file query-v2.tsv (TSV, C-alpha atoms)
chain	number	residue	atom	x	y	z
A	1	MET	CA	27.74	4.46	-6.61
A	2	SER	CA	25.81	4.25	-9.85
A	3	SER	CA	23.66	7.13	-11.07
A	4	SER	CA	20.44	5.31	-10.19
A	5	MET	CA	21.66	5.01	-6.60
A	6	VAL	CA	22.16	8.79	-6.62
A	7	PHE	CA	18.44	9.06	-7.45
A	8	ALA	CA	17.52	6.65	-4.67
A	9	VAL	CA	19.68	8.43	-2.05
A	10	THR	CA	18.29	11.81	-3.12
A	11	GLY	CA	14.82	10.29	-2.82
A	12	VAL	CA	15.50	9.19	0.76
A	13	LEU	CA	16.76	12.67	1.63
A	14	LEU	CA	13.65	14.28	0.08
A	15	PHE	CA	11.51	11.78	2.00
A	16	ALA	CA	13.29	12.80	5.23
A	17	ILE	CA	12.82	16.51	4.49
A	18	GLY	CA	9.14	15.98	3.77
A	19	LEU	CA	8.63	13.84	6.87
A	20	ALA	CA	10.33	16.43	9.09
A	21	GLY	CA	8.27	19.17	7.45
A	22	MET	CA	5.03	17.30	8.08
A	23	LEU	CA	5.90	16.81	11.75
A	24	ILE	CA	7.27	20.29	12.43
A	25	ALA	CA	5.09	22.65	10.37
A	26	ALA	CA	1.88	23.74	12.05
A	27	HIS	CA	0.23	25.44	9.07
A	28	LEU	CA	-1.79	22.87	7.16
A	29	LEU	CA	-0.76	24.25	3.76
A	30	ARG	CA	2.88	23.62	4.71
A	31	LYS	CA	1.91	20.11	5.79
A	32	VAL	CA	0.33	19.47	2.37
A	33	LEU	CA	3.46	20.79	0.64
A	34	ALA	CA	5.69	18.65	2.87
A	35	PHE	CA	3.50	15.65	2.04
A	36	ASN	CA	4.18	16.28	-1.64
A	37	VAL	CA	7.95	16.56	-1.07
A	38	LEU	CA	7.76	13.26	0.84
A	39	GLY	CA	5.85	11.64	-1.98
A	40	SER	CA	8.31	12.87	-4.62
A	41	GLY	CA	11.14	11.36	-2.59
A	42	LEU	CA	9.33	8.04	-2.49
A	43	PHE	CA	8.81	8.12	-6.26
A	44	LEU	CA	12.54	8.77	-6.77
A	45	VAL	CA	13.39	5.76	-4.59
A	46	LEU	CA	10.88	3.61	-6.48
A	47	VAL	CA	12.36	4.58	-9.85
A	48	GLY	CA	16.03	4.69	-8.83
A	49	LEU	CA	16.45	1.66	-6.60
A	50	PRO	CA	15.13	-1.06	-9.01
A	51	GLN	CA	17.46	0.05	-11.82
A	52	ARG	CA	20.67	-0.16	-9.81
A	53	ASP	CA	21.80	-3.06	-12.01
A	54	GLY	CA	21.57	-0.78	-15.03
A	55	MET	CA	18.29	-2.13	-16.40
A	56	ALA	CA	15.15	-0.01	-16.02
A	57	ASP	CA	12.26	-2.03	-14.57
A	58	PRO	CA	8.92	-1.01	-16.11
A	59	VAL	CA	6.81	-2.32	-13.21
A	60	PRO	CA	7.84	0.26	-10.58
A	61	GLN	CA	7.83	2.94	-13.29
A	62	ALA	CA	4.18	2.21	-14.05
A	63	MET	CA	3.50	2.25	-10.30
A	64	VAL	CA	5.12	5.70	-9.97
A	65	LEU	CA	3.17	6.97	-12.97
A	66	THR	CA	-0.12	6.12	-11.32
A	67	GLY	CA	1.23	7.29	-7.96
A	68	ILE	CA	1.94	10.77	-9.30
A	69	VAL	CA	-1.60	11.17	-10.60
A	70	VAL	CA	-3.09	9.88	-7.34
A	71	ALA	CA	-0.84	12.28	-5.39
A	72	VAL	CA	-2.21	15.19	-7.44
A	73	ALA	CA	-5.78	14.15	-6.66
A	74	ALA	CA	-5.00	13.61	-2.96
A	75	THR	CA	-3.38	17.05	-2.79
A	76	ALA	CA	-6.43	18.65	-4.37
A	77	LEU	CA	-8.73	16.91	-1.89
A	78	ALA	CA	-6.48	17.99	1.00
A	79	LEU	CA	-6.57	21.58	-0.24
A	80	ALA	CA	-10.36	21.46	-0.54
A	81	LEU	CA	-10.61	20.16	3.04
A	82	LEU	CA	-8.19	22.85	4.20
A	83	ARG	CA	-10.23	25.62	2.53
A	84	ARG	CA	-13.41	24.23	4.05
A	85	LEU	CA	-11.79	24.23	7.49
A	86	HIS	CA	-10.65	27.80	6.96
A	87	ALA	CA	-14.08	28.89	5.73
A	88	LEU	CA	-15.89	27.28	8.67
A	89	THR	CA	-13.54	28.03	11.58
A	90	GLY	CA	-10.98	30.51	10.28
A	91	ALA	CA	-8.21	28.16	11.42
A	92	THR	CA	-5.28	27.14	9.26
A	93	SER	CA	-3.81	24.60	11.66
A	94	LEU	CA	-5.15	21.74	13.69
A	95	PRO	CA	-5.58	22.21	17.46
A	96	ARG	CA	-2.59	20.95	19.42
A	97	ASP	CA	-2.95	17.81	21.50
A	98	THR	CA	-2.71	18.60	25.18
A	99	ASP	CA	-1.32	15.95	27.48
A	100	ALA	CA	-3.89	15.16	30.12
B	1	MET	CA	7.68	17.31	20.14
B	2	LYS	CA	10.64	19.66	19.82
B	3	PRO	CA	11.67	20.48	16.25
B	4	TRP	CA	15.30	19.45	16.80
B	5	THR	CA	14.24	16.05	18.14
B	6	VAL	CA	12.28	15.54	14.93
B	7	VAL	CA	15.23	16.64	12.78
B	8	VAL	CA	17.67	14.33	14.59
B	9	ALA	CA	15.27	11.37	14.48
B	10	VAL	CA	14.43	11.88	10.78
B	11	LEU	CA	18.11	12.31	9.87
B	12	ALA	CA	19.01	9.10	11.73
B	13	GLY	CA	16.23	7.26	9.95
B	14	ALA	CA	17.33	8.61	6.56
B	15	LEU	CA	20.94	7.58	7.16
B	16	ALA	CA	19.84	4.10	8.19
B	17	LEU	CA	17.70	3.86	5.04
B	18	ILE	CA	20.55	5.02	2.79
B	19	PHE	CA	23.02	2.51	4.26
B	20	ALA	CA	20.41	-0.23	3.99
B	21	MET	CA	19.85	0.65	0.31
B	22	LEU	CA	23.58	0.69	-0.48
B	23	ASP	CA	23.92	-2.71	1.17
B	24	LEU	CA	20.86	-4.21	-0.48
B	25	PRO	CA	21.42	-7.63	-2.09
B	26	ALA	CA	20.28	-8.23	-5.64
B	27	PRO	CA	16.51	-8.87	-5.82
B	28	ALA	CA	15.49	-12.51	-5.46
B	29	PHE	CA	13.32	-12.33	-8.56
B	30	ASP	CA	13.38	-10.07	-11.58
B	31	LEU	CA	10.15	-8.95	-13.25
B	32	LEU	CA	11.89	-7.53	-16.31
B	33	PRO	CA	12.24	-10.86	-18.23
B	34	ALA	CA	8.58	-11.65	-17.52
B	35	VAL	CA	7.52	-8.26	-18.87
B	36	THR	CA	9.64	-8.54	-22.03
B	37	THR	CA	8.72	-12.17	-22.79
B	38	HIS	CA	5.00	-11.50	-22.79
B	39	LEU	CA	5.24	-8.09	-24.50
B	40	PRO	CA	4.14	-9.40	-27.95
B	41	ALA	CA	0.96	-10.79	-26.38
B	42	SER	CA	0.08	-7.58	-24.55
B	43	GLY	CA	-1.16	-5.62	-27.58
B	44	VAL	CA	1.30	-2.74	-27.11
B	45	GLU	CA	5.02	-2.42	-27.67
B	46	HIS	CA	6.03	-0.21	-24.76
B	47	PRO	CA	6.65	-2.10	-21.50
B	48	VAL	CA	5.31	0.62	-19.15
B	49	THR	CA	2.03	0.86	-21.06
B	50	ALA	CA	1.82	-2.93	-21.11
B	51	VAL	CA	2.25	-3.04	-17.32
B	52	LEU	CA	-0.27	-0.23	-16.79
B	53	LEU	CA	-3.05	-1.41	-19.06
B	54	ASN	CA	-2.53	-5.12	-19.44
B	55	TYR	CA	-0.51	-6.92	-16.75
B	56	ARG	CA	-1.59	-4.69	-13.89
B	57	ALA	CA	-4.77	-3.25	-15.43
B	58	TYR	CA	-6.71	-3.99	-12.25
B	59	ASP	CA	-4.48	-1.57	-10.31
B	60	THR	CA	-5.05	1.09	-12.94
B	61	LEU	CA	-8.81	0.52	-12.84
B	62	LEU	CA	-8.86	1.08	-9.09
B	63	GLU	CA	-6.56	4.07	-9.44
B	64	VAL	CA	-8.99	5.75	-11.83
B	65	ALA	CA	-11.69	5.06	-9.25
B	66	VAL	CA	-9.55	6.83	-6.63
B	67	LEU	CA	-9.24	9.87	-8.89
B	68	LEU	CA	-12.98	9.91	-9.45
B	69	LEU	CA	-13.53	9.64	-5.69
B	70	ALA	CA	-11.22	12.60	-5.03
B	71	LEU	CA	-13.30	14.76	-7.38
B	72	ILE	CA	-16.55	13.50	-5.85
B	73	GLY	CA	-15.07	14.26	-2.42
B	74	ILE	CA	-14.42	17.84	-3.42
B	75	LEU	CA	-17.94	18.13	-4.82
B	76	ALA	CA	-19.33	16.62	-1.62
B	77	LEU	CA	-17.53	19.21	0.50
B	78	GLY	CA	-19.74	21.81	-1.08
B	79	ILE	CA	-18.64	24.65	-3.29
B	80	ASP	CA	-19.52	28.24	-2.91
B	81	ALA	CA	-22.48	28.84	-5.18
B	82	ASP	CA	-22.28	32.62	-5.04
B	83	PRO	CA	-21.57	34.29	-8.35
B	84	VAL	CA	-17.97	35.35	-8.55
B	85	ALA	CA	-17.01	38.74	-9.86
B	86	PRO	CA	-14.83	38.19	-12.92
B	87	ARG	CA	-11.30	39.17	-12.11
B	88	PRO	CA	-9.20	41.17	-14.51
B	89	VAL	CA	-7.19	38.95	-16.82
B	90	GLU	CA	-3.87	39.94	-18.28
B	91	ALA	CA	-4.11	40.24	-22.06
B	92	MET	CA	-0.76	38.47	-22.44
B	93	LEU	CA	-1.98	35.38	-20.58
B	94	SER	CA	-5.19	35.32	-22.57
B	95	ILE	CA	-3.36	35.50	-25.91
B	96	LEU	CA	-0.84	32.91	-24.78
B	97	ALA	CA	-3.64	30.54	-23.77
B	98	ARG	CA	-5.30	30.94	-27.17
B	99	LEU	CA	-2.04	30.15	-28.92
B	100	ILE	CA	-0.83	27.27	-26.77
B	101	VAL	CA	-3.99	25.33	-25.92
B	102	PRO	CA	-4.68	24.06	-29.49
B	103	ALA	CA	-1.09	22.83	-29.64
B	104	MET	CA	-1.56	21.17	-26.25
B	105	ILE	CA	-4.60	19.28	-27.54
B	106	VAL	CA	-2.57	18.02	-30.52
B	107	MET	CA	0.23	17.09	-28.11
B	108	ALA	CA	-2.23	15.16	-25.92
B	109	VAL	CA	-3.52	13.15	-28.90
B	110	TYR	CA	0.07	12.43	-29.96
B	111	LEU	CA	1.02	11.29	-26.44
B	112	LEU	CA	-2.03	9.03	-26.33
B	113	TRP	CA	-1.09	7.43	-29.65
B	114	ALA	CA	2.63	7.24	-28.83
B	115	GLY	CA	1.91	5.32	-25.63
B	116	ALA	CA	1.64	2.08	-27.61
B	117	HIS	CA	5.30	2.03	-28.64
B	118	ARG	CA	7.24	4.72	-26.73
B	119	PRO	CA	6.92	6.72	-23.50
B	120	GLY	CA	3.49	8.29	-23.40
B	121	GLY	CA	-0.04	7.16	-22.77
B	122	ALA	CA	-3.32	8.17	-21.23
B	123	PHE	CA	-1.97	9.67	-18.02
B	124	GLN	CA	0.56	11.91	-19.70
B	125	ALA	CA	-1.98	12.99	-22.32
B	126	ALA	CA	-4.54	13.72	-19.60
B	127	ALA	CA	-2.00	15.78	-17.66
B	128	VAL	CA	-1.36	17.92	-20.76
B	129	LEU	CA	-5.11	18.34	-21.33
B	130	ALA	CA	-5.61	19.29	-17.68
B	131	ALA	CA	-2.82	21.87	-17.88
B	132	GLY	CA	-4.62	23.27	-20.94
B	133	GLY	CA	-7.82	23.55	-18.92
B	134	VAL	CA	-6.02	25.39	-16.12
B	135	LEU	CA	-4.41	27.74	-18.66
B	136	LEU	CA	-7.81	28.49	-20.24
B	137	GLN	CA	-9.25	29.36	-16.84
B	138	LEU	CA	-6.29	31.57	-15.90
B	139	GLY	CA	-6.58	33.29	-19.27
B	140	GLY	CA	-10.22	34.05	-18.57
B	141	LEU	CA	-11.44	31.98	-21.53
B	142	ILE	CA	-13.52	29.46	-19.56
B	143	ALA	CA	-15.30	29.91	-16.26
B	144	SER	CA	-14.68	27.83	-13.16
B	145	TRP	CA	-17.13	25.03	-12.53
B	146	SER	CA	-19.89	25.56	-10.03
B	147	ALA	CA	-21.72	22.26	-10.30
B	148	PRO	CA	-21.10	19.88	-13.19
B	149	ARG	CA	-24.25	19.13	-15.16
B	150	ALA	CA	-25.30	15.72	-16.45
B	151	ARG	CA	-23.24	15.79	-19.66
B	152	LEU	CA	-20.06	16.81	-17.84
B	153	ARG	CA	-20.70	14.21	-15.15
B	154	TRP	CA	-20.99	11.49	-17.79
B	155	SER	CA	-17.78	12.66	-19.47
B	156	ILE	CA	-15.96	12.66	-16.12
B	157	ALA	CA	-17.13	9.16	-15.24
B	158	GLY	CA	-16.97	7.88	-18.85
B	159	GLY	CA	-13.36	6.71	-18.84
B	160	PHE	CA	-13.89	4.73	-15.67
B	161	LEU	CA	-17.18	3.29	-16.96
B	162	ILE	CA	-15.58	2.15	-20.25
B	163	PHE	CA	-12.75	0.55	-18.28
B	164	LEU	CA	-15.24	-1.10	-15.93
B	165	GLY	CA	-17.30	-2.30	-18.90
B	166	VAL	CA	-14.25	-3.92	-20.51
B	167	ALA	CA	-13.40	-5.49	-17.14
B	168	LEU	CA	-16.93	-6.88	-16.79
B	169	VAL	CA	-17.07	-8.28	-20.34
B	170	THR	CA	-13.63	-9.90	-20.06
B	171	GLY	CA	-14.56	-11.13	-16.59
B	172	LEU	CA	-17.65	-12.87	-17.96
B	173	GLU	CA	-15.75	-14.27	-20.94
B	174	SER	CA	-12.65	-15.57	-19.17
B	175	THR	CA	-10.59	-13.81	-16.52
B	176	LEU	CA	-11.05	-10.26	-15.30
B	177	LEU	CA	-9.21	-7.85	-17.64
B	178	GLN	CA	-7.58	-10.62	-19.66
B	179	TYR	CA	-7.94	-9.22	-23.15
B	180	PRO	CA	-8.41	-11.68	-26.02
B	181	MET	CA	-5.14	-11.68	-27.92
B	182	PRO	CA	-6.13	-10.37	-31.41
B	183	ILE	CA	-8.01	-7.30	-30.12
B	184	ALA	CA	-5.85	-6.51	-27.08
B	185	GLY	CA	-4.27	-3.49	-28.76
B	186	ARG	CA	-7.63	-2.08	-29.83
B	187	LEU	CA	-9.14	-2.59	-26.37
B	188	ILE	CA	-6.19	-0.81	-24.76
B	189	LEU	CA	-6.56	2.08	-27.21
B	190	LEU	CA	-10.29	2.30	-26.43
B	191	ILE	CA	-9.65	2.34	-22.68
B	192	GLU	CA	-6.83	4.84	-23.03
B	193	SER	CA	-8.90	7.20	-25.19
B	194	GLY	CA	-11.69	7.19	-22.63
B	195	LEU	CA	-9.22	7.65	-19.80
B	196	THR	CA	-7.49	10.57	-21.52
B	197	ILE	CA	-10.69	12.58	-21.82
B	198	SER	CA	-12.02	11.65	-18.38
B	199	LEU	CA	-8.74	12.09	-16.53
B	200	GLY	CA	-8.12	15.39	-18.32
B	201	LEU	CA	-11.53	16.58	-17.13
B	202	ILE	CA	-10.99	15.21	-13.61
B	203	LEU	CA	-7.54	16.74	-13.19
B	204	SER	CA	-8.55	20.13	-14.59
B	205	GLY	CA	-11.80	19.84	-12.63
B	206	LEU	CA	-9.82	19.62	-9.40
B	207	PHE	CA	-8.50	23.09	-10.21
B	208	LEU	CA	-11.66	24.46	-11.80
B	209	LEU	CA	-13.73	23.49	-8.75
B	210	LEU	CA	-11.24	24.82	-6.20
B	211	SER	CA	-10.71	28.08	-8.07
B	212	ARG	CA	-14.45	28.66	-7.98
B	213	ASP	CA	-14.52	29.06	-4.23
B	214	ARG	CA	-13.03	32.54	-4.16
B	215	LYS	CA	-15.09	34.06	-1.38
B	216	ASN	CA	-12.80	32.77	1.34
B	217	GLU	CA	-9.64	34.03	-0.20
B	218	ALA	CA	-7.75	36.80	1.51
B	219	PRO	CA	-8.36	40.11	-0.25

call {"tool": "encode", "arguments": {"input": "query-v2.tsv", "output": "structure tokens"}}
result
Amino acid sequence: MSSSMVFAVTGVLLFAIGLAGMLIAAHLLRKVLAFNVLGSGLFLVLVGLPQRDGMADPVPQAMVLTGIVVAVAATALALALLRRLHALTGATSLPRDTDA
Amino acid sequence: MKPWTVVVAVLAGALALIFAMLDLPAPAFDLLPAVTTHLPASGVEHPVTAVLLNYRAYDTLLEVAVLLLALIGILALGIDADPVAPRPVEAMLSILARLIVPAMIVMAVYLLWAGAHRPGGAFQAAAVLAAGGVLLQLGGLIASWSAPRARLRWSIAGGFLIFLGVALVTGLESTLLQYPMPIAGRLILLIESGLTISLGLILSGLFLLLSRDRKNEAP
């Protein structure tokens, strides 16, 4: 297994950790953090997988570069929404769905 | 959903993904030769910058719009307008900010310039500028934003507007964002300079706006 595949496999594991965190955690701040872990895993896959032949591909790298900046902005917007929710209702988690 | 069900399902999915990746055949087409062949025509020497600001400049244009929208979204949510009591600032942090931030600005300009021929560019430079803005706020040297005034609003939107202007002019001349060959490098530098300042303000603004709203914080 080449070193770039190590990045890709680590990325998948981070993606899995983030996905599980998003589904399990109730607190919205934890969900936002898990979303970031998930995104970092995806970026690792996007950088690692295309260079498994040993040549770095600049196209996915440019995609990840923009992705990181968009993820920062999305996180900030999510935090702003979370603070607004907390200010208006005092809640830090979404109401659970009840099966009718 | 029970937590262990989630863990088992996610683990199974991850294993399937890993085995699929290890078994993946070589890609049917390779973009690398295309990127390297046209590099001399792109106006810059570094392939990532060429992809970002020439080959896929339309993606980058829309991405800057997304960033602008995120900041507008935060502004639209409404920010606490109450005056905030200044909180005590550690002298160490304040001194450190004074020492480091000028160096960070120099670093940002270098990164912007280096983007043409080595790793670097507008996004990295803007990230360094934004970190400088956060450091200044934490060091108590600048206040958080309450509502950006006209000049700040123009600076925040400026990078996107320059980019959009270049897109419009090139779109009227020939194809959208197809730079004329002799001035491609200069156009990219113009766009990147605008983006560095605007993205730096947007990214630090995300923090400076959120840190303003201190009333709801736990004591």

call {"tool": "closest_atom_pairs", "arguments": {"input": "query-v2.tsv", "of": "chain A", "to": "chain B", "cutoff": "10 Å", "atoms": "all atoms listed in the file", "output": "CSV"}}
result
residue,atom,partner,partner_atom,distance
A:Met1,CA,B:Leu22,CA,8.3
A:Met5,CA,B:Leu22,CA,7.7
A:Ala8,CA,B:Met21,CA,8.1
A:Val9,CA,B:Ile18,CA,6.0
A:Thr10,CA,B:Ile18,CA,9.3
A:Gly11,CA,B:Ile18,CA,9.6
A:Val12,CA,B:Ala14,CA,6.1
A:Leu13,CA,B:Ala14,CA,6.4
A:Leu14,CA,B:Ala14,CA,9.4
A:Phe15,CA,B:Ala14,CA,8.0
A:Ala16,CA,B:Val10,CA,5.7
A:Ile17,CA,B:Val10,CA,8.0
A:Gly18,CA,B:Val10,CA,9.7
A:Leu19,CA,B:Val10,CA,7.3
A:Ala20,CA,B:Val7,CA,6.1
A:Gly21,CA,B:Val7,CA,9.1
A:Leu23,CA,B:Val6,CA,7.2
A:Ile24,CA,B:Pro3,CA,5.8
A:Ala25,CA,B:Pro3,CA,9.1
A:Val45,CA,B:Met21,CA,9.6
A:Leu49,CA,B:Met21,CA,7.8
A:Pro50,CA,B:Pro27,CA,8.5
A:Arg52,CA,B:Ala26,CA,9.1
A:Asp53,CA,B:Ala26,CA,8.3
A:Met55,CA,B:Leu32,CA,8.4
A:Ala56,CA,B:Leu32,CA,8.2
A:Asp57,CA,B:Leu32,CA,5.8
A:Pro58,CA,B:Val48,CA,5.0
A:Val59,CA,B:Val51,CA,6.2
A:Pro60,CA,B:Val48,CA,8.9
A:Gln61,CA,B:Val48,CA,6.8
A:Ala62,CA,B:Val48,CA,5.5
A:Met63,CA,B:Leu52,CA,7.9
A:Leu65,CA,B:Phe123,CA,7.7
A:Thr66,CA,B:Glu63,CA,7.0
A:Gly67,CA,B:Glu63,CA,8.6
A:Ile68,CA,B:Phe123,CA,9.6
A:Val69,CA,B:Phe123,CA,7.6
A:Val70,CA,B:Leu67,CA,6.3
A:Ala71,CA,B:Leu67,CA,9.4
A:Val72,CA,B:Leu203,CA,8.0
A:Ala73,CA,B:Ala70,CA,5.9
A:Ala74,CA,B:Ala70,CA,6.6
A:Thr75,CA,B:Ala70,CA,9.3
A:Ala76,CA,B:Leu206,CA,6.1
A:Leu77,CA,B:Ala70,CA,5.9
A:Ala78,CA,B:Ile74,CA,9.1
A:Leu79,CA,B:Leu210,CA,8.2
A:Ala80,CA,B:Ile74,CA,6.2
A:Leu81,CA,B:Leu77,CA,7.4
A:Arg83,CA,B:Asn216,CA,7.7
A:Arg84,CA,B:Leu77,CA,7.4
A:His86,CA,B:Asn216,CA,7.8
A:Ala87,CA,B:Asn216,CA,6.0
A:Leu88,CA,B:Asn216,CA,9.7
A:Gly90,CA,B:Asn216,CA,9.4

call {"tool": "residues_around", "arguments": {"input": "query-v2.tsv", "residues": "stretch 86-98 of chain B", "least_positions_apart": "6", "cutoff": "7 Å", "atoms": "only C-alpha atoms", "output": "list in words"}}
result
Leu135, Leu136, Gly139 and Gly140 of chain B

call {"tool": "residues_around", "arguments": {"input": "query-v2.tsv", "residues": "A:Pro95", "least_positions_apart": "3", "cutoff": "12 Å", "atoms": "all atoms listed in the file", "output": "count of residues only"}}
result
8

call {"tool": "atom_distance", "arguments": {"input": "query-v2.tsv", "atom1": "atom CA of B:Ser42", "atom2": "atom CA of B:Phe163"}}
result
16.4 Å

call {"tool": "atom_distance", "arguments": {"input": "query-v2.tsv", "atom1": "atom CA of B:Phe160", "atom2": "atom CA of A:Ser40"}}
result
26.1 Å

call {"tool": "residues_around", "arguments": {"input": "query-v2.tsv", "residues": "stretch 176-190 of chain B", "least_positions_apart": "3", "cutoff": "9 Å", "atoms": "all atoms listed in the file", "output": "VMD selection string"}}
result
chain B and resid 41 to 44 53 to 55 57 to 58 112 to 113 116 162 to 163 166 to 173 193 to 195

call {"tool": "axis_aligned_box", "arguments": {"input": "query-v2.tsv", "around": "stretch 2-18 of chain B", "padding_each_side": "5 Å", "output": "JSON"}}
result
{"center_x": 15.8, "center_y": 12.2, "center_z": 11.3, "size_x": 20.3, "size_y": 26.6, "size_z": 27.0}

call {"tool": "atom_distance", "arguments": {"input": "query-v2.tsv", "atom1": "atom CA of A:Gly54", "atom2": "atom CA of B:Arg118"}}
result
19.3 Å

call {"tool": "closest_residue", "arguments": {"input": "query-v2.tsv", "among": "B:Leu129, B:Leu141, B:Leu164, B:Ala150", "to": "B:Ser204", "atoms": "all atoms listed in the file"}}
result
B:Leu129

call {"tool": "residues_around", "arguments": {"input": "query-v2.tsv", "residues": "B:Leu152", "least_positions_apart": "3", "cutoff": "12 Å", "atoms": "only C-alpha atoms", "output": "ChimeraX atom specification"}}
result
/B:145-149,155-158,197-198,201-202,205
